[in-house]
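A.B. asks: Sharing a structure with you now.
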Amino acid sequence: MNEVRLLGPAEIRDLAELLDVTPTKKLGQNFVIDANTVRRIVRVAGVEAGDSVVEVGPGLGSLTLGLLEAGASVVAVEIDGRLARQLPATVATLAPSVTDRLTVVHRDALAVTELAGEPTRLVANLPYNVSVPVLLHFLEHFPSIRTGVVMVQAEVGQRVAAEPGSKVYGAPSVKAAWYGRWRTAGNVSRQVFWPVPNVDSILVAFERHDSEPGDEDLRARTFAVVDAAFQQRRKMLRQALSTLFGDSATASAILEKAGVEPTERGEQLTVEDFIAIARAA
């Protein structure tokens, strides 16, 4: 196995000082300082030698090094120029024999629609403020991504993996379910981060469906129904969807055609129900 050294608390702080990086809430930066947590994420993600992994928000490189240690090739997407420029240097120092397996893309993840190669896994410590939009963006634009594990704010992760009828089931749950099956895969201690965040974190794992339920047009129409249903989640669907479909009578007719009771609420519906409504509209 190629020699790869992982970052610890002292190295993380030294790097931050070198780059004059002060972790910011605006960018949701909380750096992982615990090598055991890094290896745990890589293990839960099932990363193997030869895998092509995309990592969003590599920061100072903790998880990047863990992925390289497992034998993967990594495309790291980083919005912060200082971090993007430093990452290859960090890898050259701590993993000199595997630098050819790292590609750094200095861009806003939400603007990335093409990547070198075809990543098959998404593994990331996602910035808390953009975790759901980034997840959905990458699943929409990169069908080659088949599986993944992301570390996100616990509340967000539970929402993404929620089942219909749950109190936290909402638009992110349904949109995520369009692409695949999701599950929570373990809590993460606040103490493994620097700075220590004031929220809990969780691992969320997914496996993509063999094929998506429909084309881009159906996805867009389904997501529009989802957004409308959860904007007024306490209302019955015939009321919540009345603006989208013109009035409550039309909404009721479409719901009945889709086999959905007009008096149901969005939180009770599966992704298949929402797709049926979009098809019936």
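Here's how to read the names in the structure tokens: chain A, B, ... by the order shown, residue numbers from 1 in each chain, ligand numbers from 1 in the order shown.
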I'd like to know which residues of segment 33-198 of chain A are helix (DSSP H, G or I) (by DSSP, run on the backbone); could you write them as a ChimeraX atom specification?
C.D. replies: /A:35-44,62-69,81-94,96-101,109-111,128-141,154-160,171-179,190-192
A.B. asks: Identify, on the basis of only C-alpha atoms, every residue whose closest approach to segment 79-95 of chain A does not exceed 8 Å; exclude the query and any residue fewer than 3 positions from it along the same chain; express the result as a short mmCIF file (atom, residue, chain, number, x, y, z; two decimals) with all heavy atoms, in the first residue's frame.
C.D. replies:
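File produced: result.cif:
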data_model
loop_
_atom_site.label_atom_id
_atom_site.label_comp_id
_atom_site.auth_asym_id
_atom_site.auth_seq_id
_atom_site.Cartn_x
_atom_site.Cartn_y
_atom_site.Cartn_z
N ASN A 2 0.53 2.22 -0.82
CA ASN A 2 1.28 3.46 -0.86
C ASN A 2 1.19 4.16 0.50
O ASN A 2 0.16 4.16 1.14
CB ASN A 2 0.70 4.39 -1.94
CG ASN A 2 0.94 3.84 -3.33
OD1 ASN A 2 2.05 3.47 -3.66
ND2 ASN A 2 -0.11 3.76 -4.12
N GLU A 3 2.31 4.77 0.89
CA GLU A 3 2.37 5.43 2.19
C GLU A 3 1.61 6.76 2.15
O GLU A 3 1.92 7.66 1.37
CB GLU A 3 3.83 5.68 2.58
CG GLU A 3 4.01 6.29 3.95
CD GLU A 3 3.53 5.37 5.08
OE1 GLU A 3 3.62 4.14 4.92
OE2 GLU A 3 3.08 5.90 6.11
N VAL A 4 0.56 6.85 2.99
CA VAL A 4 -0.22 8.08 3.09
C VAL A 4 -0.36 8.42 4.57
O VAL A 4 -0.77 7.57 5.37
CB VAL A 4 -1.63 7.92 2.47
CG1 VAL A 4 -2.45 9.19 2.70
CG2 VAL A 4 -1.54 7.61 0.98
N ARG A 5 0.00 9.63 4.94
CA ARG A 5 -0.18 10.07 6.32
C ARG A 5 -1.40 10.98 6.40
O ARG A 5 -1.59 11.84 5.53
CB ARG A 5 1.07 10.83 6.80
CG ARG A 5 2.25 9.92 7.08
CD ARG A 5 3.43 10.70 7.64
NE ARG A 5 4.01 11.59 6.64
CZ ARG A 5 4.44 12.82 6.89
NH1 ARG A 5 4.35 13.33 8.12
NH2 ARG A 5 4.96 13.57 5.94
N LEU A 6 -2.21 10.78 7.41
CA LEU A 6 -3.41 11.59 7.57
C LEU A 6 -3.13 12.80 8.46
O LEU A 6 -2.18 12.81 9.23
CB LEU A 6 -4.56 10.75 8.14
CG LEU A 6 -4.98 9.52 7.34
CD1 LEU A 6 -6.30 8.97 7.87
CD2 LEU A 6 -5.08 9.80 5.85
N LEU A 19 -2.11 29.39 5.80
CA LEU A 19 -2.96 29.95 4.74
C LEU A 19 -3.75 31.16 5.19
O LEU A 19 -4.51 31.73 4.40
CB LEU A 19 -3.93 28.87 4.23
CG LEU A 19 -3.28 27.62 3.64
CD1 LEU A 19 -4.35 26.58 3.34
CD2 LEU A 19 -2.49 27.96 2.40
N GLY A 57 -15.91 20.19 -1.20
CA GLY A 57 -15.46 20.89 0.00
C GLY A 57 -14.38 20.16 0.75
O GLY A 57 -14.53 19.87 1.94
N GLY A 59 -11.65 21.19 1.91
CA GLY A 59 -11.05 21.98 2.98
C GLY A 59 -9.54 21.84 3.01
O GLY A 59 -8.86 22.05 2.00
N LEU A 60 -9.00 21.43 4.14
CA LEU A 60 -7.55 21.29 4.30
C LEU A 60 -7.05 19.91 3.89
O LEU A 60 -5.84 19.67 3.90
CB LEU A 60 -7.16 21.60 5.74
CG LEU A 60 -7.39 23.06 6.15
CD1 LEU A 60 -7.23 23.24 7.65
CD2 LEU A 60 -6.45 24.00 5.39
N GLY A 61 -7.97 18.99 3.56
CA GLY A 61 -7.55 17.72 2.98
C GLY A 61 -7.65 16.49 3.84
O GLY A 61 -7.18 15.42 3.46
N LEU A 65 -7.10 12.81 1.94
CA LEU A 65 -6.00 11.89 2.24
C LEU A 65 -6.52 10.50 2.61
O LEU A 65 -5.94 9.48 2.23
CB LEU A 65 -5.13 12.45 3.37
CG LEU A 65 -4.25 13.64 2.96
CD1 LEU A 65 -3.79 14.42 4.18
CD2 LEU A 65 -3.05 13.16 2.13
N VAL A 98 1.17 9.28 -4.45
CA VAL A 98 -0.17 9.14 -5.04
C VAL A 98 -0.72 10.48 -5.57
O VAL A 98 -1.91 10.62 -5.79
CB VAL A 98 -1.18 8.53 -4.04
CG1 VAL A 98 -0.71 7.15 -3.60
CG2 VAL A 98 -1.39 9.43 -2.83
N THR A 99 0.16 11.44 -5.77
CA THR A 99 -0.30 12.77 -6.22
C THR A 99 -1.02 12.71 -7.57
O THR A 99 -1.87 13.55 -7.86
CB THR A 99 0.88 13.75 -6.33
OG1 THR A 99 1.88 13.15 -7.18
CG2 THR A 99 1.47 14.06 -4.98
N LEU A 102 -4.97 12.67 -7.63
CA LEU A 102 -5.75 13.82 -7.15
C LEU A 102 -5.94 14.85 -8.26
O LEU A 102 -4.97 15.25 -8.91
CB LEU A 102 -5.05 14.50 -5.96
CG LEU A 102 -5.69 15.82 -5.49
CD1 LEU A 102 -7.06 15.58 -4.88
CD2 LEU A 102 -4.76 16.56 -4.53
N VAL A 104 -7.85 18.66 -8.55
CA VAL A 104 -8.54 19.71 -7.79
C VAL A 104 -9.27 20.64 -8.76
O VAL A 104 -8.69 21.10 -9.75
CB VAL A 104 -7.56 20.53 -6.92
CG1 VAL A 104 -8.30 21.64 -6.17
CG2 VAL A 104 -6.84 19.62 -5.94
N VAL A 105 -10.53 20.87 -8.49
CA VAL A 105 -11.35 21.78 -9.29
C VAL A 105 -11.71 22.98 -8.41
O VAL A 105 -12.43 22.82 -7.41
CB VAL A 105 -12.64 21.08 -9.79
CG1 VAL A 105 -13.51 22.06 -10.57
CG2 VAL A 105 -12.29 19.87 -10.64
N HIS A 106 -11.21 24.15 -8.76
CA HIS A 106 -11.49 25.36 -7.97
C HIS A 106 -12.72 26.04 -8.53
O HIS A 106 -12.65 26.88 -9.43
CB HIS A 106 -10.27 26.30 -8.02
CG HIS A 106 -10.53 27.62 -7.37
ND1 HIS A 106 -9.93 28.79 -7.78
CD2 HIS A 106 -11.35 27.96 -6.33
CE1 HIS A 106 -10.37 29.80 -7.03
NE2 HIS A 106 -11.22 29.31 -6.15
N ARG A 107 -13.89 25.64 -8.01
CA ARG A 107 -15.15 26.21 -8.46
C ARG A 107 -16.21 26.05 -7.37
O ARG A 107 -16.08 25.21 -6.48
CB ARG A 107 -15.67 25.51 -9.74
CG ARG A 107 -14.88 25.80 -10.98
CD ARG A 107 -15.65 25.42 -12.22
NE ARG A 107 -16.73 26.34 -12.52
CZ ARG A 107 -17.66 26.11 -13.45
NH1 ARG A 107 -17.65 25.01 -14.14
NH2 ARG A 107 -18.61 26.99 -13.67
N ASP A 108 -17.27 26.82 -7.50
CA ASP A 108 -18.46 26.62 -6.67
C ASP A 108 -19.09 25.31 -7.10
O ASP A 108 -19.37 25.10 -8.28
CB ASP A 108 -19.41 27.80 -6.90
CG ASP A 108 -20.69 27.70 -6.10
OD1 ASP A 108 -20.99 26.62 -5.55
OD2 ASP A 108 -21.42 28.71 -6.03
N ALA A 109 -19.30 24.41 -6.14
CA ALA A 109 -19.85 23.09 -6.47
C ALA A 109 -21.17 23.19 -7.23
O ALA A 109 -21.46 22.37 -8.11
CB ALA A 109 -20.04 22.28 -5.19
#
A.B. asks: Tell me which protein, DNA and RNA residues are within 6 Å of segment 141-152 of chain A, counting only C-alpha atoms, leaving out same-chain ones fewer than 4 positions away, and put them as a VMD selection string.
C.D. replies: chain A and resid 45 113 118 to 126 157 201 to 208
A.B. asks: Could you check which of A:Arg183, A:Val188, A:Pro172, A:Ile277 is closest to Arg221 of chain A, using only C-alpha atoms?
C.D. replies: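 Of A:Arg183, A:Val188, A:Pro172, A:Ile277, the one nearest Arg221 of chain A, counting only C-alpha atoms, is A:Ile277.
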A.B. asks: If you count only C-alpha atoms, which residues fall within 12 Å of Glu256 of chain A, apart from same-chain ones fewer than 6 positions away, as a short mmCIF file (atom, residue, chain, number, x, y, z; two decimals) with N, CA, C and O atoms, in the first residue's frame?
C.D. replies:
data_model
loop_
_atom_site.label_atom_id
_atom_site.label_comp_id
_atom_site.auth_asym_id
_atom_site.auth_seq_id
_atom_site.Cartn_x
_atom_site.Cartn_y
_atom_site.Cartn_z
N LEU A 237 -53.75 18.77 0.41
CA LEU A 237 -53.12 18.93 -0.89
C LEU A 237 -53.96 19.74 -1.87
O LEU A 237 -53.43 20.50 -2.67
N ARG A 238 -55.29 19.60 -1.79
CA ARG A 238 -56.12 20.35 -2.75
C ARG A 238 -55.95 21.86 -2.56
O ARG A 238 -56.08 22.62 -3.51
N ALA A 249 -60.33 23.24 -7.11
CA ALA A 249 -61.15 22.26 -7.84
C ALA A 249 -60.29 21.52 -8.87
O ALA A 249 -60.37 20.28 -8.99
N THR A 250 -59.47 22.27 -9.59
CA THR A 250 -58.57 21.63 -10.57
C THR A 250 -57.57 20.74 -9.86
O THR A 250 -57.29 19.62 -10.30
N PRO A 262 -57.56 14.07 -2.21
CA PRO A 262 -57.32 15.52 -2.13
C PRO A 262 -57.16 16.03 -0.70
O PRO A 262 -56.60 17.11 -0.49
N THR A 263 -57.65 15.26 0.29
CA THR A 263 -57.55 15.70 1.69
C THR A 263 -56.26 15.24 2.36
O THR A 263 -56.02 15.55 3.54
N GLU A 264 -55.41 14.49 1.62
CA GLU A 264 -54.11 14.10 2.18
C GLU A 264 -53.21 15.33 2.32
O GLU A 264 -53.46 16.38 1.73
N ASP A 273 -46.13 8.75 -5.38
CA ASP A 273 -47.38 9.53 -5.38
C ASP A 273 -47.17 10.88 -6.06
O ASP A 273 -48.00 11.33 -6.86
N ALA A 276 -46.96 10.45 -9.72
CA ALA A 276 -48.30 10.23 -10.29
C ALA A 276 -49.06 11.53 -10.46
O ALA A 276 -49.76 11.74 -11.47
N ILE A 277 -48.94 12.44 -9.50
CA ILE A 277 -49.60 13.75 -9.60
C ILE A 277 -49.02 14.55 -10.76
O ILE A 277 -49.76 15.15 -11.55
N ALA A 280 -50.33 13.24 -13.95
CA ALA A 280 -51.77 13.49 -14.15
C ALA A 280 -52.07 14.94 -14.49
O ALA A 280 -53.12 15.26 -15.04
N ALA A 281 -51.14 15.82 -14.18
CA ALA A 281 -51.38 17.27 -14.38
C ALA A 281 -51.41 17.65 -15.86
O ALA A 281 -50.71 17.05 -16.67
#
A.B. asks: Residues near Ala70 of chain A, anyone? I mean within 7 Å using only C-alpha atoms, not counting same-chain ones fewer than 3 positions away, as a PyMOL selection string.
C.D. replies: chain A and resi 47-49+66-67
A.B. asks: Per DSSP on the backbone, what are the strand (DSSP E or B) residues of segment 55-263 of chain A, as number ranges by chain?
C.D. replies: A: 55-56, 73-78, 102-106, 121-125, 147-153, 180-188, 193-194, 201-208
A.B. asks: Quote the spacing between atom CA of Gly266 of chain A and atom CA of Val168 of chain A in Å to one decimal place.
C.D. replies: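 Taking atom CA of Gly266 of chain A and atom CA of Val168 of chain A, their separation equals 11.8 Å.
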